[in-house]
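Visitor: I'd like to ask some things about the structure below.
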Amino acid sequence: MKWKLTSKVVVLIAFAVILIMLPAITLVILNQQKQIEMLARTRALTLFQMIVVTRQWVSENRDRIEPVPAVATKELSQYADYMADFRFRITSDQLVNRENSPTPFEERAISAIKTGLSEYHELGKDAVLGDVYMFAAPLHINQSCMQCHARQGYSEGEFRGIISVTIPLQDMVKTITSNNFTLIFAAGLGFLVMLSLVSYLLFRLVISPIQVLTNAAGKVRSGEYGVKTNIKTGDEIDELSQAFDMMSEQIYRNEEHLKAKLSQAVEKYVELVDELKEKNEQLDTLNQLKTDLLDSIAHEIKTPLTKILSYAELLNDVRLMNDAVGKERFIAALKRNISSISSMFNDIITMSRLEHGQHTYHKIPIKFKDFVKTILEVYEQDIRNKQLEIKLLVGKDDVIQADGESFYFVLSNIIGNSVKYSYPHGVIEIGLENLGGEVKLWIKDNGVGIPQDELKNVFSRFYRGSNVKSEFPGTGMGLAIVYRVTKEHDGRVEVDSKLGEYTMLNIYLKLY
């Protein structure tokens with residue numbers, strides 16, 4: 001992503017340079033033919049002059065040439081055919097020897113030179129040499145030639161024939177092509193160097209600062225304010241950097257101010273929501289408490305009231321008045337049901353006082369064994385009826401620090417539950433153990449137990465185990481009060497149970 005602007009600029013520069021270079025390269029390639037012709041003409045003209053000089057020397061030294069100069073020139077031409085890569089011939093339209101008859105090119109050259117041209121040339125094909133340059137220039141009679149040609153009717157300066165030179169073009173084409181390739185390669189290399197240099201300068205002077213600004217803008221867009229670019233180029237980009245830094249700082253200040261204001265508003269809103277939520281929960285709790293309380297009272301009071309009414313009517317029966325044993329049994333039943341109703345209302349009153357903080361705790365030393373015995377006397381009849389065994393594992397002088405009134409309810413409730421839910425002929429253990437910084441009180445029975453998945457609910461108000469609801473009376477407030485009172489004593493209560501086998505409550509109190 002960071003190279004996209006650089007790429008665009010480099011591509012544009014490359015495209016512009018290529019557009020400029022293409023016509024030049026095309027002109028070079030098109031001019032190659034002219035260069036080849038020029039080189040071939042120069043070489044041909046040089047050879048022509050050398051042949052003329054050689055011929056002139058032969059003419060002037062004819063006495064040293066056998067049999068005549070013309071034969072020497074002919075032999076030189078034949079010698080060049082196999083010793084050199086060029087060919088030359090001397091020919092004329094006025095032949096002395098038919099072996100020197102002009103070729104079609106030479107005929108055209110003779111005709112053209114007779115019209116006044118100083119030279120004639122063509123490009124052509126040769127079966128052996130391939131592409132060739134054919135050059136022809138005139139021969140005129142000079143003073144040294146008159147020794148042989150005077151008797152043939154020629155005069156000095158008269159046109160006698162032509163010298164034609166055939167130059168192969170293959171080597172020159174290779175040379176020109178190589179030169180052109182070198183030129184193009186050098187131009188391409190220069191182009192790449194120039195493009196690299198321009199790209200580097202463009203990146204350092206323009207792209208890199210723009211990237212810094214782009215990255216900084218991205219950070220601001222993602223919420224990171226107060227970003228500094230610190231570009232020092234001394235040009236318009238520098239000015240843009242300073243403007244961006246000022247804008248970023250201003251945005252940061254405004255953002256912080258808005259955050260502070262928003263935070264205050266949110267805090268107030270959260271406080272109001274929490275307050276409303278708390279009040280709503282309190283209303284829901286009170287409403288549910290009222291509903292649960294009324295349902296529980298209605299359910300729990302129905303059975304004892306029915307029994308009280310039934311026994312009260314029976315007491316009006318004249319026959320019962322003479323049955324002392326039956327009357328005593330009915331009166332005892334009345335007392336038990338009245339006591340059950342009284343206990344239920346006591347639980348309700350106690351829970352209400354604890355919920356509204358109307359109970360003041362006064363912790364005093366309590367001899368635990370005597371305290372427990374007082375409570376057991378209350379349940380003596382029920383213990384006897386079920387033939388339960390009570391194991392009191394407490395020392396005579398064991399003492400706890402507790403509020404007598406509230407803690408009496410705690411132990412009374414737990415012991416009462418153990419008696420209520422124990423099977424006949426069962427065993428109830430009540431013990432105390434000093435753990436150093438705290439004491440552990442436990443009450444264990446081998447009664448109906450509590451389902452494992454319901455143990456977490458035993459300290460909730462109005463909770464009653466699913467396995468005892470229909471068989472045993474109760475309000476479900478007892479253990480909730482136990483939990484509340486224990487917590488007010490800076491202690492804790494734990495429960496362990498196995499369905500159909502046992503239930504054990506452990507209470508931990510600090511030693512003072």
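The chains in the structure tokens are called A, B, ... from first to last as shown; in each chain the residues are counted from 1, and the ligands are counted from 1 in the order shown.
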Would you mind listing what lies within 6 Å of His140 (chain A) as a ChimeraX atom specification, with only C-alpha atoms counted and same-chain residues fewer than 3 positions away left out?
Guide: /A:157-160
Visitor: Take the residues from that selection and put them in a file with N, CA and C atoms, as a PDB file, in the first residue's frame.
Guide:
ATOM      1  N   GLY A 157      40.657  11.543 -72.374  1.00  0.00           N
ATOM      2  CA  GLY A 157      39.483  12.078 -71.676  1.00  0.00           C
ATOM      3  C   GLY A 157      38.188  11.434 -72.060  1.00  0.00           C
ATOM      4  N   GLU A 158      38.225  10.570 -73.049  1.00  0.00           N
ATOM      5  CA  GLU A 158      36.995   9.928 -73.526  1.00  0.00           C
ATOM      6  C   GLU A 158      36.607   8.776 -72.579  1.00  0.00           C
ATOM      7  N   PHE A 159      35.282   8.563 -72.460  1.00  0.00           N
ATOM      8  CA  PHE A 159      34.717   7.467 -71.630  1.00  0.00           C
ATOM      9  C   PHE A 159      35.066   6.131 -72.246  1.00  0.00           C
ATOM     10  N   ARG A 160      35.713   5.253 -71.435  1.00  0.00           N
ATOM     11  CA  ARG A 160      36.121   3.964 -71.962  1.00  0.00           C
ATOM     12  C   ARG A 160      35.276   2.817 -71.410  1.00  0.00           C
TER      13      ARG A 160
END
Visitor: Write out as a PyMOL selection string which residues come within 6 Å of region 412-420 of chain A when counting only C-alpha atoms, dropping same-chain ones fewer than 2 positions away.
Guide: chain A and resi 375+408-410+422+445
Visitor: With only C-alpha atoms as the counted atoms, please give the residues lying no more than 10 Å from Ala40 (chain A), apart from itself and same-chain residues fewer than 5 positions off, as a ChimeraX atom specification.
Guide: /A:34-35,45-46,121,123,132-135,166-169,172
Visitor: Using N, CA and C atoms, can you export the residues from the last selection as a short mmCIF file (atom, residue, chain, number, x, y, z; two decimals), in the first residue's frame?
Guide:
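Saved as result31.cif:
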data_model
loop_
_atom_site.label_atom_id
_atom_site.label_comp_id
_atom_site.auth_asym_id
_atom_site.auth_seq_id
_atom_site.Cartn_x
_atom_site.Cartn_y
_atom_site.Cartn_z
N LYS A 34 20.40 3.34 -44.31
CA LYS A 34 21.20 4.42 -44.88
C LYS A 34 22.65 4.34 -44.39
N GLN A 35 22.80 3.97 -43.09
CA GLN A 35 24.15 3.84 -42.56
C GLN A 35 24.92 2.74 -43.28
N LEU A 45 33.96 3.05 -52.77
CA LEU A 45 34.68 4.18 -53.36
C LEU A 45 36.17 4.07 -53.08
N THR A 46 36.51 3.64 -51.89
CA THR A 46 37.92 3.45 -51.54
C THR A 46 38.55 2.38 -52.41
N HIS A 121 24.97 3.14 -58.06
CA HIS A 121 25.01 2.02 -57.09
C HIS A 121 23.61 1.45 -56.92
N LEU A 123 21.47 -1.91 -54.40
CA LEU A 123 21.50 -3.03 -53.45
C LEU A 123 20.94 -4.25 -54.16
N VAL A 132 24.28 -7.63 -51.10
CA VAL A 132 25.48 -6.94 -51.54
C VAL A 132 25.14 -5.51 -51.91
N TYR A 133 26.22 -4.68 -51.94
CA TYR A 133 26.14 -3.29 -52.43
C TYR A 133 26.97 -3.23 -53.69
N MET A 134 26.33 -2.85 -54.79
CA MET A 134 27.01 -2.83 -56.09
C MET A 134 27.26 -1.39 -56.49
N PHE A 135 28.51 -1.08 -56.77
CA PHE A 135 28.95 0.29 -57.04
C PHE A 135 29.67 0.31 -58.37
N THR A 166 31.62 -4.96 -56.02
CA THR A 166 30.52 -5.60 -55.27
C THR A 166 30.99 -5.85 -53.83
N ILE A 167 30.29 -5.23 -52.89
CA ILE A 167 30.66 -5.30 -51.46
C ILE A 167 29.61 -6.14 -50.72
N PRO A 168 30.01 -7.22 -50.01
CA PRO A 168 29.02 -7.96 -49.19
C PRO A 168 28.60 -7.12 -47.98
N LEU A 169 27.33 -7.16 -47.66
CA LEU A 169 26.79 -6.32 -46.57
C LEU A 169 26.68 -7.04 -45.23
N MET A 172 28.86 -5.65 -42.39
CA MET A 172 28.45 -4.29 -42.05
C MET A 172 27.11 -4.27 -41.31
#
Visitor: Enter the distance from CA of Ile308 (chain A) to CA of Leu334 (chain A), in Å, rounded to one decimal.
Guide: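 Rounded to one decimal, the two atoms are 5.5 Å apart.
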Visitor: Contacts of Thr175 (chain A) at 12 Å or less, counting only C-alpha atoms, minus same-chain residues fewer than 6 places along, as a list in words?
Guide: Gln32, Gln35, Ile36, Leu39, Leu169, Phe181 and Thr182 of chain A
Visitor: Please list as a PyMOL selection string every residue within 9 Å of Tyr361 (chain A), counting only C-alpha atoms and excluding residues in the same chain fewer than 3 positions away.
Guide: chain A and resi 402-406+488-489
Visitor: Mind giving me the straight-line distance from CA of Ile251 (chain A) to CA of Ile231 (chain A) in Å, one decimal?
Guide: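 Pair CA of Ile251 (chain A) / CA of Ile231 (chain A) returns 19.3 Å.
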Visitor: Taking only C-alpha atoms into account, name the residue in A:Glu256, A:Leu411, A:Arg41, A:Ile25 that is nearest to Leu183 (chain A).
Guide: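 When distances to Leu183 (chain A) are compared using only C-alpha atoms, the smallest one comes from A:Ile25.
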Visitor: Could you go through region 359-472 of chain A and tell me which residues DSSP, when run on the backbone, assigns to strand (DSSP E or B), listing them as a PyMOL selection string?
Guide: chain A and resi 363-367+389-393+399-403+427-434+438-445
Visitor: Quick one: distance from CA of Phe185 (chain A) to CA of Leu197 (chain A) in Å, one decimal?
Guide: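 CA of Leu197 (chain A) lies at a distance of 18.0 Å from CA of Phe185 (chain A).
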Visitor: From the set A:Tyr421, A:Val270, A:Ala137, A:Glu37, which residue has the shortest atom-to-atom contact distance to Gly124 (chain A), counting only C-alpha atoms?
Guide: A:Glu37
Visitor: Quick one: of A:Ala127, A:Thr486, A:Pro23, A:Ser164, who's nearest to Ser92 (chain A), counting only C-alpha atoms?
Guide: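 Among the listed residues, the smallest separation from Ser92 (chain A) belongs to A:Ser164.
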Visitor: Taking only C-alpha atoms into account, which of A:Phe86, A:Leu479, A:Ala332, A:Val165 comes nearest Val128 (chain A)?
Guide: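 Answer, going by the shortest atom-to-atom distance: A:Phe86.
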